[in-house]
>>> print(open('structure-v3.tsv').read())   # TSV, C-alpha atoms
chain	number	residue	atom	x	y	z
O	1431	MET	CA	-81.13	40.28	91.59
O	1432	SER	CA	-81.89	39.63	95.23
O	1433	LEU	CA	-84.35	37.89	97.51
O	1434	THR	CA	-86.69	39.56	99.95
O	1435	LEU	CA	-86.30	37.64	103.19
O	1436	ARG	CA	-88.45	37.72	106.31
O	1437	VAL	CA	-87.73	35.54	109.34
O	1438	LEU	CA	-90.59	35.71	111.84
O	1439	ALA	CA	-90.85	34.15	115.30
O	1440	PRO	CA	-93.96	34.43	117.51
O	1441	ASP	CA	-92.35	37.16	119.62
O	1442	GLN	CA	-90.22	39.05	117.11
O	1443	SER	CA	-89.20	39.80	113.55
O	1444	VAL	CA	-85.68	38.35	113.44
O	1445	PHE	CA	-84.73	39.45	109.92
O	1446	ASP	CA	-86.48	41.62	107.35
O	1447	GLY	CA	-84.44	42.66	104.36
O	1448	THR	CA	-82.78	41.54	101.17
O	1449	ALA	CA	-80.39	38.64	100.64
O	1450	GLU	CA	-78.37	37.27	97.76
O	1451	GLU	CA	-78.64	33.65	98.91
O	1452	VAL	CA	-80.31	31.68	101.71
O	1453	ILE	CA	-79.54	28.17	102.97
O	1454	LEU	CA	-82.35	26.60	105.00
O	1455	PRO	CA	-82.22	23.55	107.32
O	1456	SER	CA	-85.25	21.65	106.02
O	1457	THR	CA	-86.39	18.38	107.55
O	1458	THR	CA	-85.00	16.56	104.49
O	1459	GLY	CA	-81.63	18.33	104.34
O	1460	LEU	CA	-80.21	21.73	103.45
O	1461	ILE	CA	-81.95	23.76	100.74
O	1462	GLY	CA	-80.21	26.58	98.91
O	1463	ILE	CA	-82.38	29.43	97.66
O	1464	LEU	CA	-81.20	31.87	94.97
O	1465	PRO	CA	-83.18	34.50	93.06
O	1466	GLY	CA	-85.49	32.84	90.54
O	1467	HIS	CA	-86.05	29.72	92.68
O	1468	ILE	CA	-89.25	27.78	92.03
O	1469	SER	CA	-92.16	28.14	94.45
O	1470	LEU	CA	-91.72	25.95	97.49
O	1471	VAL	CA	-93.12	25.27	100.95
O	1472	THR	CA	-90.98	23.20	103.30
O	1473	ALA	CA	-90.85	22.19	106.95
O	1474	LEU	CA	-87.75	23.38	108.80
O	1475	ASP	CA	-85.79	21.45	111.37
O	1476	ILE	CA	-83.89	22.83	114.34
O	1477	GLY	CA	-80.68	24.08	112.78
O	1478	VAL	CA	-78.78	27.00	111.32
O	1479	MET	CA	-79.98	29.16	108.46
O	1480	ARG	CA	-77.24	30.91	106.49
O	1481	VAL	CA	-77.94	34.24	104.80
O	1482	ARG	CA	-75.61	35.98	102.34
O	1483	THR	CA	-76.02	39.75	102.24
O	1484	ASN	CA	-73.54	42.11	100.58
O	1485	GLY	CA	-71.18	39.17	100.06
O	1486	ASP	CA	-71.03	38.34	103.80
O	1487	TRP	CA	-72.55	35.25	105.42
O	1488	ASN	CA	-74.67	35.59	108.56
O	1489	SER	CA	-76.13	32.80	110.66
O	1490	ILE	CA	-79.51	32.50	112.34
O	1491	ALA	CA	-80.30	29.64	114.74
O	1492	LEU	CA	-83.80	28.34	113.92
O	1493	MET	CA	-85.94	26.27	116.27
O	1494	GLY	CA	-88.09	24.55	113.65
O	1495	GLY	CA	-90.95	25.89	111.57
O	1496	PHE	CA	-91.83	26.41	107.91
O	1497	ALA	CA	-90.49	28.33	104.92
O	1498	GLU	CA	-92.29	29.54	101.82
O	1499	VAL	CA	-90.58	30.66	98.62
O	1500	GLU	CA	-92.78	32.55	96.17
O	1501	ALA	CA	-91.14	34.41	93.27
O	1502	ASP	CA	-88.17	36.14	94.97
O	1503	ASP	CA	-89.87	36.38	98.38
O	1504	VAL	CA	-88.77	34.01	101.15
O	1505	THR	CA	-90.86	33.91	104.32
O	1506	VAL	CA	-89.62	31.85	107.24
O	1507	LEU	CA	-92.02	31.22	110.12
O	1508	VAL	CA	-90.31	29.62	113.11
O	1509	ASN	CA	-90.99	28.65	116.71
O	1510	GLY	CA	-87.92	30.65	117.78
O	1511	ALA	CA	-84.81	32.18	116.26
O	1512	GLU	CA	-81.63	34.01	117.25
O	1513	LEU	CA	-79.09	35.89	115.18
O	1514	GLY	CA	-75.74	34.15	115.45
O	1515	LYS	CA	-73.92	37.40	116.21
O	1516	SER	CA	-76.17	38.02	119.25
O	1517	ILE	CA	-75.42	34.62	120.87
O	1518	ASP	CA	-72.71	34.50	123.53
O	1519	ALA	CA	-70.46	31.67	122.33
O	1520	THR	CA	-69.14	30.79	125.79
O	1521	THR	CA	-72.62	30.45	127.29
O	1522	ALA	CA	-73.84	28.50	124.24
O	1523	GLU	CA	-70.90	26.05	124.55
O	1524	ALA	CA	-71.64	25.51	128.25
O	1525	GLU	CA	-75.34	24.88	127.52
O	1526	LEU	CA	-74.36	22.39	124.80
O	1527	GLU	CA	-72.14	20.47	127.22
O	1528	GLN	CA	-74.98	20.32	129.80
O	1529	ALA	CA	-77.47	19.14	127.16
O	1530	LYS	CA	-75.01	16.54	125.87
O	1531	ALA	CA	-74.45	15.21	129.40
O	1532	LYS	CA	-78.21	14.89	129.92
O	1533	VAL	CA	-78.63	12.96	126.63
O	1534	ASN	CA	-75.70	10.67	127.51
O	1535	GLN	CA	-77.19	10.07	130.96
O	1536	MET	CA	-80.45	8.86	129.37
O	1537	GLU	CA	-78.77	6.61	126.81
O	1538	GLY	CA	-80.07	3.07	126.97
O	1539	GLN	CA	-83.28	4.06	128.74
O	1540	GLU	CA	-86.72	3.34	127.36
O	1541	PRO	CA	-88.19	6.08	125.14
O	1542	SER	CA	-89.95	8.72	127.24
O	1543	THR	CA	-91.11	12.32	127.08
O	1544	GLU	CA	-88.13	13.32	129.21
O	1545	LYS	CA	-85.71	11.60	126.81
O	1546	ILE	CA	-87.29	13.36	123.80
O	1547	LYS	CA	-87.09	16.74	125.56
O	1548	ALA	CA	-83.43	16.12	126.39
O	1549	GLN	CA	-82.70	15.38	122.72
O	1550	GLN	CA	-84.58	18.51	121.59
O	1551	ASN	CA	-82.65	20.64	124.10
O	1552	PHE	CA	-79.42	19.16	122.76
O	1553	ASN	CA	-80.45	19.97	119.16
O	1554	ARG	CA	-81.31	23.56	120.13
O	1555	ALA	CA	-78.04	24.03	121.99
O	1556	ARG	CA	-76.06	22.58	119.06
O	1557	ALA	CA	-77.81	24.93	116.59
O	1558	ARG	CA	-77.00	27.94	118.81
O	1559	VAL	CA	-73.31	26.95	118.97
O	1560	GLN	CA	-73.15	26.39	115.20
O	1561	ALA	CA	-74.73	29.81	114.59
O	1562	THR	CA	-71.92	31.52	116.50
O	1563	LYS	CA	-69.35	30.23	114.01
>>> encode(input="structure-v3.tsv", output="structure tokens")
Amino acid sequence: MSLTLRVLAPDQSVFDGTAEEVILPSTTGLIGILPGHISLVTALDIGVMRVRTNGDWNSIALMGGFAEVEADDVTVLVNGAELGKSIDATTAEAELEQAKAKVNQMEGQEPSTEKIKAQQNFNRARARVQATK
């Protein structure tokens, strides 16, 4: 048995195929999906989705969204996504360091839009780095 998986971003179809197992970064923690899973709709956080196809694990960096599981169909609608194998690890590490420095610079400041954006950029950069591994 297998799952039919579709990962859709506003500008592209990131993945459309079958999978043996999917691990999603929901807003309440990681959710593992296997064939025969109950129906489910969940919000997704910025993080890494793991997909097992033909016994191999692949990573996709997700930038938040929603997932729906219905029978053996999994549809993931996200704000943005990148296949881990298409991310340059060196560039992603450098972007993570820059984002981390910005968050550290704002530590102790009053909450602001700029501080929230810095934290979101850090979360995105971290997800991209994790997807390369």
>>> atom_distance(input="structure-v3.tsv", atom1="CA of Thr1457 in chain O", atom2="CA of Val1437 in chain O")
17.3 Å
>>> residues_around(input="structure-v3.tsv", residues="Ala1522 in chain O", least_positions_apart="5", cutoff="8 Å", atoms="all atoms listed in the file", output="number ranges by chain")
O: 1517, 1555, 1558-1559
>>> closest_residue(input="structure-v3.tsv", among="O:Val1478, O:Leu1435, O:Ala1531, O:Leu1460", to="Glu1500 in chain O", atoms="only C-alpha atoms")
O:Leu1435
>>> closest_residue(input="structure-v3.tsv", among="O:Met1536, O:Met1431, O:Val1508, O:Ala1529", to="Thr1472 in chain O", atoms="only C-alpha atoms")
O:Val1508
>>> closest_residue(input="structure-v3.tsv", among="O:Gln1560, O:Asn1484, O:Ser1469, O:Gln1550", to="Asp1503 in chain O", atoms="all atoms listed in the file")
O:Ser1469
>>> build_atoms(input="structure-v3.tsv", residues="range 1447-1465 of chain O", atoms="N, CA, C and O atoms", output="PDB file, in the coordinates of the input")
ATOM      1  N   GLY O1447     -85.293  41.935 105.272  1.00  0.00           N
ATOM      2  CA  GLY O1447     -84.440  42.660 104.360  1.00  0.00           C
ATOM      3  C   GLY O1447     -84.190  41.873 103.094  1.00  0.00           C
ATOM      4  O   GLY O1447     -84.938  40.955 102.755  1.00  0.00           O
ATOM      5  N   THR O1448     -83.117  42.226 102.408  1.00  0.00           N
ATOM      6  CA  THR O1448     -82.780  41.540 101.170  1.00  0.00           C
ATOM      7  C   THR O1448     -81.583  40.623 101.397  1.00  0.00           C
ATOM      8  O   THR O1448     -80.780  40.839 102.307  1.00  0.00           O
ATOM      9  N   ALA O1449     -81.490  39.602 100.567  1.00  0.00           N
ATOM     10  CA  ALA O1449     -80.390  38.640 100.640  1.00  0.00           C
ATOM     11  C   ALA O1449     -80.049  38.179  99.235  1.00  0.00           C
ATOM     12  O   ALA O1449     -80.902  38.177  98.347  1.00  0.00           O
ATOM     13  N   GLU O1450     -78.802  37.798  99.043  1.00  0.00           N
ATOM     14  CA  GLU O1450     -78.370  37.270  97.760  1.00  0.00           C
ATOM     15  C   GLU O1450     -78.576  35.764  97.679  1.00  0.00           C
ATOM     16  O   GLU O1450     -78.790  35.214  96.606  1.00  0.00           O
ATOM     17  N   GLU O1451     -78.505  35.103  98.850  1.00  0.00           N
ATOM     18  CA  GLU O1451     -78.640  33.650  98.910  1.00  0.00           C
ATOM     19  C   GLU O1451     -79.057  33.259 100.316  1.00  0.00           C
ATOM     20  O   GLU O1451     -78.672  33.900 101.290  1.00  0.00           O
ATOM     21  N   VAL O1452     -79.850  32.188 100.414  1.00  0.00           N
ATOM     22  CA  VAL O1452     -80.310  31.680 101.710  1.00  0.00           C
ATOM     23  C   VAL O1452     -80.138  30.170 101.697  1.00  0.00           C
ATOM     24  O   VAL O1452     -80.461  29.511 100.715  1.00  0.00           O
ATOM     25  N   ILE O1453     -79.634  29.625 102.796  1.00  0.00           N
ATOM     26  CA  ILE O1453     -79.540  28.170 102.970  1.00  0.00           C
ATOM     27  C   ILE O1453     -80.376  27.809 104.185  1.00  0.00           C
ATOM     28  O   ILE O1453     -80.130  28.305 105.285  1.00  0.00           O
ATOM     29  N   LEU O1454     -81.386  26.962 103.959  1.00  0.00           N
ATOM     30  CA  LEU O1454     -82.350  26.600 105.000  1.00  0.00           C
ATOM     31  C   LEU O1454     -82.131  25.161 105.483  1.00  0.00           C
ATOM     32  O   LEU O1454     -81.875  24.272 104.674  1.00  0.00           O
ATOM     33  N   PRO O1455     -82.317  24.919 106.799  1.00  0.00           N
ATOM     34  CA  PRO O1455     -82.220  23.550 107.320  1.00  0.00           C
ATOM     35  C   PRO O1455     -83.584  22.859 107.279  1.00  0.00           C
ATOM     36  O   PRO O1455     -84.322  22.830 108.252  1.00  0.00           O
ATOM     37  N   SER O1456     -83.939  22.308 106.132  1.00  0.00           N
ATOM     38  CA  SER O1456     -85.250  21.650 106.020  1.00  0.00           C
ATOM     39  C   SER O1456     -85.192  20.292 106.713  1.00  0.00           C
ATOM     40  O   SER O1456     -84.118  19.804 107.060  1.00  0.00           O
ATOM     41  N   THR O1457     -86.331  19.685 106.894  1.00  0.00           N
ATOM     42  CA  THR O1457     -86.390  18.380 107.550  1.00  0.00           C
ATOM     43  C   THR O1457     -85.811  17.270 106.676  1.00  0.00           C
ATOM     44  O   THR O1457     -85.570  16.169 107.162  1.00  0.00           O
ATOM     45  N   THR O1458     -85.576  17.556 105.394  1.00  0.00           N
ATOM     46  CA  THR O1458     -85.000  16.560 104.490  1.00  0.00           C
ATOM     47  C   THR O1458     -83.572  16.901 104.075  1.00  0.00           C
ATOM     48  O   THR O1458     -83.019  16.238 103.202  1.00  0.00           O
ATOM     49  N   GLY O1459     -82.988  17.918 104.673  1.00  0.00           N
ATOM     50  CA  GLY O1459     -81.630  18.330 104.340  1.00  0.00           C
ATOM     51  C   GLY O1459     -81.567  19.818 104.061  1.00  0.00           C
ATOM     52  O   GLY O1459     -82.576  20.526 104.144  1.00  0.00           O
ATOM     53  N   LEU O1460     -80.386  20.303 103.726  1.00  0.00           N
ATOM     54  CA  LEU O1460     -80.210  21.730 103.450  1.00  0.00           C
ATOM     55  C   LEU O1460     -80.762  22.086 102.081  1.00  0.00           C
ATOM     56  O   LEU O1460     -80.596  21.338 101.124  1.00  0.00           O
ATOM     57  N   ILE O1461     -81.399  23.259 102.002  1.00  0.00           N
ATOM     58  CA  ILE O1461     -81.950  23.760 100.740  1.00  0.00           C
ATOM     59  C   ILE O1461     -81.356  25.129 100.478  1.00  0.00           C
ATOM     60  O   ILE O1461     -81.460  26.026 101.320  1.00  0.00           O
ATOM     61  N   GLY O1462     -80.741  25.289  99.320  1.00  0.00           N
ATOM     62  CA  GLY O1462     -80.210  26.580  98.910  1.00  0.00           C
ATOM     63  C   GLY O1462     -81.227  27.324  98.069  1.00  0.00           C
ATOM     64  O   GLY O1462     -81.836  26.748  97.172  1.00  0.00           O
ATOM     65  N   ILE O1463     -81.419  28.594  98.383  1.00  0.00           N
ATOM     66  CA  ILE O1463     -82.380  29.430  97.660  1.00  0.00           C
ATOM     67  C   ILE O1463     -81.624  30.602  97.025  1.00  0.00           C
ATOM     68  O   ILE O1463     -80.935  31.352  97.726  1.00  0.00           O
ATOM     69  N   LEU O1464     -81.757  30.749  95.722  1.00  0.00           N
ATOM     70  CA  LEU O1464     -81.200  31.870  94.970  1.00  0.00           C
ATOM     71  C   LEU O1464     -82.342  32.587  94.264  1.00  0.00           C
ATOM     72  O   LEU O1464     -83.440  32.025  94.115  1.00  0.00           O
ATOM     73  N   PRO O1465     -82.125  33.822  93.822  1.00  0.00           N
ATOM     74  CA  PRO O1465     -83.180  34.500  93.060  1.00  0.00           C
ATOM     75  C   PRO O1465     -83.626  33.647  91.880  1.00  0.00           C
ATOM     76  O   PRO O1465     -82.823  32.961  91.246  1.00  0.00           O
TER      77      PRO O1465
END
